[in-house]
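As structure tokens, the structure follows; a few thoughts come after it.
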Amino acid sequence: MKSLIRKIHELKRKRDALILAHNYQRPEVQDIADATGDSLELGLIAAKSQKKTIVFCGVRFMAETAAILSPQKTILLPVSHAGCGLADSITANDVRRLKKKHPQSLIMAYVNTTCEVKAECDLCCTSGNAVPLRKSLGRKSVVFVPDKNLGAYLGGQTSGKTICWNGFCPVHELLSADDILKMKRQYPRAKLMAHPECRPAVLRQADYVGGTAGMLRFVSQESAGKTFLVATESGLIHRLKKENPGKIFYPVSPFLVCPTMKLITLASVWDALEKMQYRVCIPDGMHAKARKALAHFM
Ligand code: CIZ
Ligand code: SF4
């Protein structure tokens with residue numbers, strides 16, 4: 001493995017590339033990356049970087065988001081079929097139908113959507129800024145796509161009407177209130193952090209609800225707690241432990257593993273650099289529309 005890591009670093013220099021890894025990536029992939037983060041953080045790092053080539057270790061919609069934010073750069077996704085069950089739960093046609101059905105509503109998309117879907121939406125949010133963004137729209141009716149759990153959470157936090165698409169993340173949806181109760185019984189003093197893609201019955205038990213960037217902040221700044229129960233994809237635990245050596249983290253279930261996130265390995269990162277594959281391109285004519293939905297991030 002050491003020689004493969006060395007080879008990746010050599011090739012990265014030769015190609016003058018930047019390697020970015022999502023917080024859900026395998027530990028060894030996170031460790032060779034120049035930066036780790038959530039999809040929006042990584043997209044913004046890509047956009048600010050001087051490097052022309054970005055190896056994006058994550059799933060397709062994330063690499064697409066980086067490509068929307070960095071139209072002049074070459075964005076490489078090491079495994080071309082690394083998709084997201086949640087993003088694939090809605091198509092651009094579905095959104096066009098929703099717009100016809102709810103002509104008075106704004107269409108708000110979670111970042112976990114394809115570029116075709118983003119291009120049809122009015123604005124895009126992450127798990128980190130969904131609540132303030134929804135609040136800024138006041139009592140305006142909103143159709144939120146595609147995550148029903150994040151949508152229900154938003155509806156509960158804000159006053160306007162929020163109509164939800166029925167999508168869900170196949171990983172977070174697996175968690176039940178019982179899984180949480182069992183862990184809380186075992187670690188009664190631990191703080192529970194839950195991703196808003198979890199079911200409402202899980203979120204109701206959480207001390208903190210937020211995306212991966214928010215969880216990292218909660219642990220480092222906002223909480224005096226020492227032990228944390230983590231209700232999100234297992235990859236985040238590696239970074240939580242690395243950045244908080246004095247604290248203890250337990251995944252709330254052994255099943256919180258996203259199979260498509262884990263498709264990316266060191267070997268595929270090396271291949272991506274060697275063969276300059278697989279380039280993620282935004283179809284002509286879609287770029288400007290998708291960028292508009294992301295404009296408030298830039
Ligand atoms: O936007 C992301 O990066 C996702 C899907 C997860 C998170 O909360 O960081
Ligand atoms: Fe998609 Fe869920 Fe995997 Fe995140 S954890 S990439 S939402 S399938």
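Scheme for the structure tokens: letters A, B, ... for chains in order shown; per-chain residue numbers from 1; ligand numbers from 1 in order shown.
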
Ligand 2: which residues are within 9 Å, counting only C-alpha atoms and all ligand atoms? Reply as a short mmCIF file (atom, residue, chain, number, x, y, z; two decimals) with C-alpha atoms, in the first residue's frame.
data_model
loop_
_atom_site.label_atom_id
_atom_site.label_comp_id
_atom_site.auth_asym_id
_atom_site.auth_seq_id
_atom_site.Cartn_x
_atom_site.Cartn_y
_atom_site.Cartn_z
CA TYR A 24 -17.82 9.28 3.58
CA GLY A 58 -17.18 10.78 -3.99
CA VAL A 59 -20.32 9.98 -5.95
CA ARG A 60 -21.40 11.35 -9.32
CA PHE A 61 -23.73 14.16 -8.22
CA MET A 62 -20.90 15.60 -6.10
CA ALA A 82 -20.44 5.61 -8.32
CA GLY A 83 -24.01 6.90 -8.04
CA CYS A 84 -26.39 7.86 -5.25
CA GLY A 85 -29.72 6.12 -4.66
CA LEU A 86 -31.22 9.33 -3.30
CA ALA A 87 -30.13 11.49 -6.28
CA ASP A 88 -31.45 8.82 -8.65
CA ASN A 112 -28.05 15.26 -3.78
CA ASP A 147 -35.33 13.64 0.37
CA PHE A 168 -34.78 8.74 0.65
CA CYS A 169 -31.19 7.70 1.18
CA PRO A 170 -31.10 3.90 1.27
CA VAL A 171 -28.35 4.00 3.90
CA HIS A 172 -29.76 6.51 6.42
CA GLU A 173 -33.33 5.21 5.97
CA GLU A 197 -31.51 12.13 5.95
CA THR A 232 -24.51 9.02 9.55
CA GLU A 233 -22.40 7.10 7.04
CA LEU A 256 -24.35 2.73 7.93
CA VAL A 257 -22.07 2.03 4.97
CA CYS A 258 -22.77 3.58 1.57
CA PRO A 259 -21.75 0.95 -1.01
CA THR A 260 -21.20 3.43 -3.83
CA MET A 261 -19.04 5.75 -1.72
#

Filtered DSSP result for region 102-161 of chain A, state strand (DSSP E), as a PyMOL selection string: chain A and resi 106-110+123-125+142-145

Protein and nucleic residues near ligand 1, 9 Å, only C-alpha atoms and all ligand atoms, as a PyMOL selection string: chain A and resi 22-24+37-42+58+62+110-112+125-128+195-197+210-215+232-233+236

Just N, CA and C atoms for this one: save the residues we selected as a PDB file, in the first residue's frame.
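After the write, result-v5.pdb holds the following:
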ATOM      1  N   HIS A  22     -14.633  13.018  -0.183  1.00  0.00           N
ATOM      2  CA  HIS A  22     -15.799  13.279   0.656  1.00  0.00           C
ATOM      3  C   HIS A  22     -15.607  12.623   2.025  1.00  0.00           C
ATOM      4  N   ASN A  23     -16.291  13.188   3.030  1.00  0.00           N
ATOM      5  CA  ASN A  23     -16.219  12.671   4.405  1.00  0.00           C
ATOM      6  C   ASN A  23     -16.685  11.219   4.533  1.00  0.00           C
ATOM      7  N   TYR A  24     -17.348  10.670   3.513  1.00  0.00           N
ATOM      8  CA  TYR A  24     -17.815   9.278   3.576  1.00  0.00           C
ATOM      9  C   TYR A  24     -16.855   8.304   2.880  1.00  0.00           C
ATOM     10  N   GLY A  37     -14.134  16.873   2.934  1.00  0.00           N
ATOM     11  CA  GLY A  37     -15.235  17.777   3.259  1.00  0.00           C
ATOM     12  C   GLY A  37     -16.562  17.241   2.786  1.00  0.00           C
ATOM     13  N   ASP A  38     -17.610  18.075   2.908  1.00  0.00           N
ATOM     14  CA  ASP A  38     -18.899  17.673   2.337  1.00  0.00           C
ATOM     15  C   ASP A  38     -18.901  18.117   0.874  1.00  0.00           C
ATOM     16  N   SER A  39     -19.976  17.806   0.171  1.00  0.00           N
ATOM     17  CA  SER A  39     -19.945  18.015  -1.280  1.00  0.00           C
ATOM     18  C   SER A  39     -19.770  19.489  -1.642  1.00  0.00           C
ATOM     19  N   LEU A  40     -20.430  20.362  -0.890  1.00  0.00           N
ATOM     20  CA  LEU A  40     -20.332  21.784  -1.224  1.00  0.00           C
ATOM     21  C   LEU A  40     -18.937  22.329  -0.898  1.00  0.00           C
ATOM     22  N   GLU A  41     -18.415  21.978   0.281  1.00  0.00           N
ATOM     23  CA  GLU A  41     -17.062  22.435   0.636  1.00  0.00           C
ATOM     24  C   GLU A  41     -16.063  22.016  -0.450  1.00  0.00           C
ATOM     25  N   LEU A  42     -16.180  20.752  -0.888  1.00  0.00           N
ATOM     26  CA  LEU A  42     -15.227  20.258  -1.895  1.00  0.00           C
ATOM     27  C   LEU A  42     -15.416  20.967  -3.229  1.00  0.00           C
ATOM     28  N   GLY A  58     -15.823  10.652  -4.536  1.00  0.00           N
ATOM     29  CA  GLY A  58     -17.176  10.779  -3.989  1.00  0.00           C
ATOM     30  C   GLY A  58     -18.117  10.133  -4.979  1.00  0.00           C
ATOM     31  N   MET A  62     -21.854  14.698  -6.750  1.00  0.00           N
ATOM     32  CA  MET A  62     -20.899  15.598  -6.105  1.00  0.00           C
ATOM     33  C   MET A  62     -19.859  16.093  -7.120  1.00  0.00           C
ATOM     34  N   TYR A 110     -32.273  19.524  -2.840  1.00  0.00           N
ATOM     35  CA  TYR A 110     -31.118  19.138  -2.023  1.00  0.00           C
ATOM     36  C   TYR A 110     -29.951  18.964  -2.992  1.00  0.00           C
ATOM     37  N   VAL A 111     -28.744  19.175  -2.505  1.00  0.00           N
ATOM     38  CA  VAL A 111     -27.558  19.050  -3.380  1.00  0.00           C
ATOM     39  C   VAL A 111     -27.457  17.622  -3.972  1.00  0.00           C
ATOM     40  N   ASN A 112     -28.057  16.646  -3.283  1.00  0.00           N
ATOM     41  CA  ASN A 112     -28.051  15.262  -3.782  1.00  0.00           C
ATOM     42  C   ASN A 112     -29.050  15.095  -4.927  1.00  0.00           C
ATOM     43  N   CYS A 125     -29.870  23.452  -1.923  1.00  0.00           N
ATOM     44  CA  CYS A 125     -29.345  23.582  -0.553  1.00  0.00           C
ATOM     45  C   CYS A 125     -28.529  22.345  -0.178  1.00  0.00           C
ATOM     46  N   THR A 126     -27.790  22.475   0.905  1.00  0.00           N
ATOM     47  CA  THR A 126     -27.099  21.318   1.477  1.00  0.00           C
ATOM     48  C   THR A 126     -27.792  21.015   2.810  1.00  0.00           C
ATOM     49  N   SER A 127     -27.353  19.934   3.460  1.00  0.00           N
ATOM     50  CA  SER A 127     -27.931  19.643   4.775  1.00  0.00           C
ATOM     51  C   SER A 127     -27.556  20.752   5.761  1.00  0.00           C
ATOM     52  N   GLY A 128     -26.426  21.434   5.502  1.00  0.00           N
ATOM     53  CA  GLY A 128     -25.956  22.486   6.396  1.00  0.00           C
ATOM     54  C   GLY A 128     -26.788  23.766   6.321  1.00  0.00           C
ATOM     55  N   HIS A 195     -27.844  12.747  11.025  1.00  0.00           N
ATOM     56  CA  HIS A 195     -27.951  13.416   9.727  1.00  0.00           C
ATOM     57  C   HIS A 195     -29.425  13.592   9.392  1.00  0.00           C
ATOM     58  N   PRO A 196     -29.814  14.744   8.815  1.00  0.00           N
ATOM     59  CA  PRO A 196     -31.247  14.953   8.522  1.00  0.00           C
ATOM     60  C   PRO A 196     -31.809  14.010   7.460  1.00  0.00           C
ATOM     61  N   GLU A 197     -30.980  13.165   6.846  1.00  0.00           N
ATOM     62  CA  GLU A 197     -31.514  12.131   5.947  1.00  0.00           C
ATOM     63  C   GLU A 197     -32.085  10.949   6.747  1.00  0.00           C
ATOM     64  N   GLY A 210     -27.624  17.613  11.738  1.00  0.00           N
ATOM     65  CA  GLY A 210     -26.903  18.386  10.716  1.00  0.00           C
ATOM     66  C   GLY A 210     -26.098  17.481   9.816  1.00  0.00           C
ATOM     67  N   GLY A 211     -25.498  18.086   8.781  1.00  0.00           N
ATOM     68  CA  GLY A 211     -24.656  17.349   7.843  1.00  0.00           C
ATOM     69  C   GLY A 211     -23.284  17.070   8.445  1.00  0.00           C
ATOM     70  N   THR A 212     -22.407  16.501   7.641  1.00  0.00           N
ATOM     71  CA  THR A 212     -21.106  16.081   8.171  1.00  0.00           C
ATOM     72  C   THR A 212     -20.259  17.281   8.618  1.00  0.00           C
ATOM     73  N   ALA A 213     -20.322  18.383   7.862  1.00  0.00           N
ATOM     74  CA  ALA A 213     -19.534  19.569   8.257  1.00  0.00           C
ATOM     75  C   ALA A 213     -20.040  20.098   9.597  1.00  0.00           C
ATOM     76  N   GLY A 214     -21.357  20.097   9.773  1.00  0.00           N
ATOM     77  CA  GLY A 214     -21.950  20.563  11.034  1.00  0.00           C
ATOM     78  C   GLY A 214     -21.577  19.656  12.192  1.00  0.00           C
ATOM     79  N   MET A 215     -21.553  18.345  11.958  1.00  0.00           N
ATOM     80  CA  MET A 215     -21.178  17.411  13.033  1.00  0.00           C
ATOM     81  C   MET A 215     -19.732  17.658  13.468  1.00  0.00           C
ATOM     82  N   THR A 232     -24.713   8.733  10.973  1.00  0.00           N
ATOM     83  CA  THR A 232     -24.508   9.024   9.546  1.00  0.00           C
ATOM     84  C   THR A 232     -23.545   7.990   8.993  1.00  0.00           C
ATOM     85  N   GLU A 233     -23.245   8.095   7.708  1.00  0.00           N
ATOM     86  CA  GLU A 233     -22.401   7.101   7.043  1.00  0.00           C
ATOM     87  C   GLU A 233     -21.074   6.946   7.799  1.00  0.00           C
ATOM     88  N   LEU A 236     -17.382   9.045   8.148  1.00  0.00           N
ATOM     89  CA  LEU A 236     -17.124  10.266   8.926  1.00  0.00           C
ATOM     90  C   LEU A 236     -16.363   9.964  10.220  1.00  0.00           C
TER      91      LEU A 236
END

Region 75-255 of chain A: residues DSSP assigns to helix (DSSP H, G or I), reported as a PyMOL selection string: chain A and resi 87-89+92-101+115-120+130-136+148-157+172-174+177-186+200-203+212-222+235-243

Using only C-alpha atoms: which of A:Leu18, A:Val230, A:Leu216, A:Leu203 has the shortest distance to Ala152 (chain A): A:Leu203

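Omitting region 188-191 of chain A and its sequence neighbours fewer than 5 positions away, and counting only C-alpha atoms, the residues within 10 Å are A:Leu181, A:Lys182, A:Met183, A:Gln205, A:Ala206, A:Asp207, A:Tyr208, A:Val219, A:Ser223, A:Ala224, A:Gly225, A:Lys226, A:Thr227, A:Phe228, A:Leu229, A:Val230, A:Ile248, A:Phe249, A:Tyr250.
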